[in-house]
Amino acid sequence: MVMEIKSSLRKIAAFFHDHDRMPSYREIMKLTGLRSTNSVHRLINKLESAHMLRRDSARKIVPNNFFRAIPLLGYVEAGFPSPAEEELLDTVTLDEFLINNKEATYMLNVTGDSMLGAGILPGDIVLVERGKTAKDGDIVIAEVDGQWTMKYLRKRGGKIYLEAANAKYKPIIPRGELKVAAVVTSVIRKY
């Protein structure tokens, strides 16, 4: 029974990915081989109870995070080579993995080379969170004297300044005002 439910869910998820919408009850009947919409209704109830999908306020089935999840298959050795075994450990969405506060998070494209030492390169995308309290050593998006930048926040002897992760740039000590707008939480890079 569990295998049938998982098989049905995979077929529904494949339909969702192919059509960018959830299938109707009749389409689910065709996909799964069920013979009635009542059987589909029972299947949907089981999938909903297992948190594999959900219904909206109009009771229509809608995808949950499972439909956007990427399989987490195991570990890879970054040191000496070791035998690799593929094993499904879990499924994870990138949102779940990278974002703690979705309402306060946004992305910015990186230009410039002042954060190379922190592993942030031109062309990368950073995820930043507004309203997060910035601590000494955090990488922040800040407005300093009317100019915007991304740097390390430093607090030394009651003074606050910004520091690059590239020796060719000097620390930025505000002449007037320094406002931290957001804290960098993740870096995204495509190869």
# chains A, B, ... in the order shown; residues from 1 in each chain; ligands from 1
call {"tool": "select_by_dssp", "arguments": {"residues": "stretch 1-190 of chain A", "states": "helix (DSSP H, G or I)", "output": "VMD selection string"}}
result
chain A and resid 2 to 19 25 to 32 37 to 49 65 to 68 94 to 98 102 to 104 116 to 118
call {"tool": "residues_around", "arguments": {"residues": "A:Tyr152", "least_positions_apart": "6", "cutoff": "10 Å", "atoms": "only C-alpha atoms", "output": "list in words"}}
result
Met115, Ala118, Ala134, Lys135, Asp136, Gly137, Asp138, Ile139, Val140, Ile141, Ala142, Tyr161, Leu162, Glu163, Ala164, Ala165, Pro171, Val183 and Val184 of chain A
call {"tool": "residues_around", "arguments": {"residues": "A:His51", "least_positions_apart": "2", "cutoff": "12 Å", "atoms": "only C-alpha atoms", "output": "ChimeraX atom specification"}}
result
/A:9,44-49,53-55,61-67
call {"tool": "write_last_selection", "arguments": {"atoms": "C-alpha atoms", "output": "mmCIF file, in the first residue's frame"}}
result
data_model
loop_
_atom_site.group_PDB
_atom_site.id
_atom_site.type_symbol
_atom_site.label_atom_id
_atom_site.label_comp_id
_atom_site.auth_asym_id
_atom_site.auth_seq_id
_atom_site.Cartn_x
_atom_site.Cartn_y
_atom_site.Cartn_z
ATOM 1 C CA LEU A 9 2.829 10.633 -5.631
ATOM 2 C CA ILE A 44 -5.491 12.701 -1.891
ATOM 3 C CA ASN A 45 -6.642 12.466 1.744
ATOM 4 C CA LYS A 46 -3.828 9.977 2.494
ATOM 5 C CA LEU A 47 -1.247 12.169 0.775
ATOM 6 C CA GLU A 48 -2.531 15.214 2.631
ATOM 7 C CA SER A 49 -2.391 13.356 5.975
ATOM 8 C CA LEU A 53 0.562 17.659 -0.604
ATOM 9 C CA ARG A 54 -2.012 20.107 0.705
ATOM 10 C CA ARG A 55 -5.244 21.832 -0.202
ATOM 11 C CA ILE A 61 -4.864 20.306 -4.282
ATOM 12 C CA VAL A 62 -1.725 22.393 -4.398
ATOM 13 C CA PRO A 63 1.942 21.436 -4.299
ATOM 14 C CA ASN A 64 3.853 21.677 -1.059
ATOM 15 C CA ASN A 65 7.623 21.757 -0.622
ATOM 16 C CA PHE A 66 7.895 18.085 -1.602
ATOM 17 C CA PHE A 67 7.182 19.067 -5.213
#
call {"tool": "residues_around", "arguments": {"residues": "A:Lys132", "least_positions_apart": "5", "cutoff": "10 Å", "atoms": "only C-alpha atoms", "output": "list in words"}}
result
Asn101, Ala104, Thr105, Val180, Ala181, Ala182, Val183, Val184 and Thr185 of chain A
call {"tool": "residues_around", "arguments": {"residues": "A:Leu98", "least_positions_apart": "2", "cutoff": "9 Å", "atoms": "only C-alpha atoms", "output": "list in words"}}
result
Thr93, Leu94, Asp95, Glu96, Asn100, Leu127, Thr185 and Ser186 of chain A
call {"tool": "residues_around", "arguments": {"residues": "A:Gly112", "least_positions_apart": "2", "cutoff": "9 Å", "atoms": "only C-alpha atoms", "output": "list in words"}}
result
Val110, Ser114, Met115, Leu116, Leu121, Pro122 and Gly123 of chain A
call {"tool": "atom_distance", "arguments": {"atom1": "atom CA of A:Gly176", "atom2": "atom CA of A:Glu129"}}
result
24.3 Å
call {"tool": "closest_residue", "arguments": {"among": "A:His41, A:Lys102, A:Lys151, A:Arg156", "to": "A:Tyr169", "atoms": "only C-alpha atoms"}}
result
A:Lys151
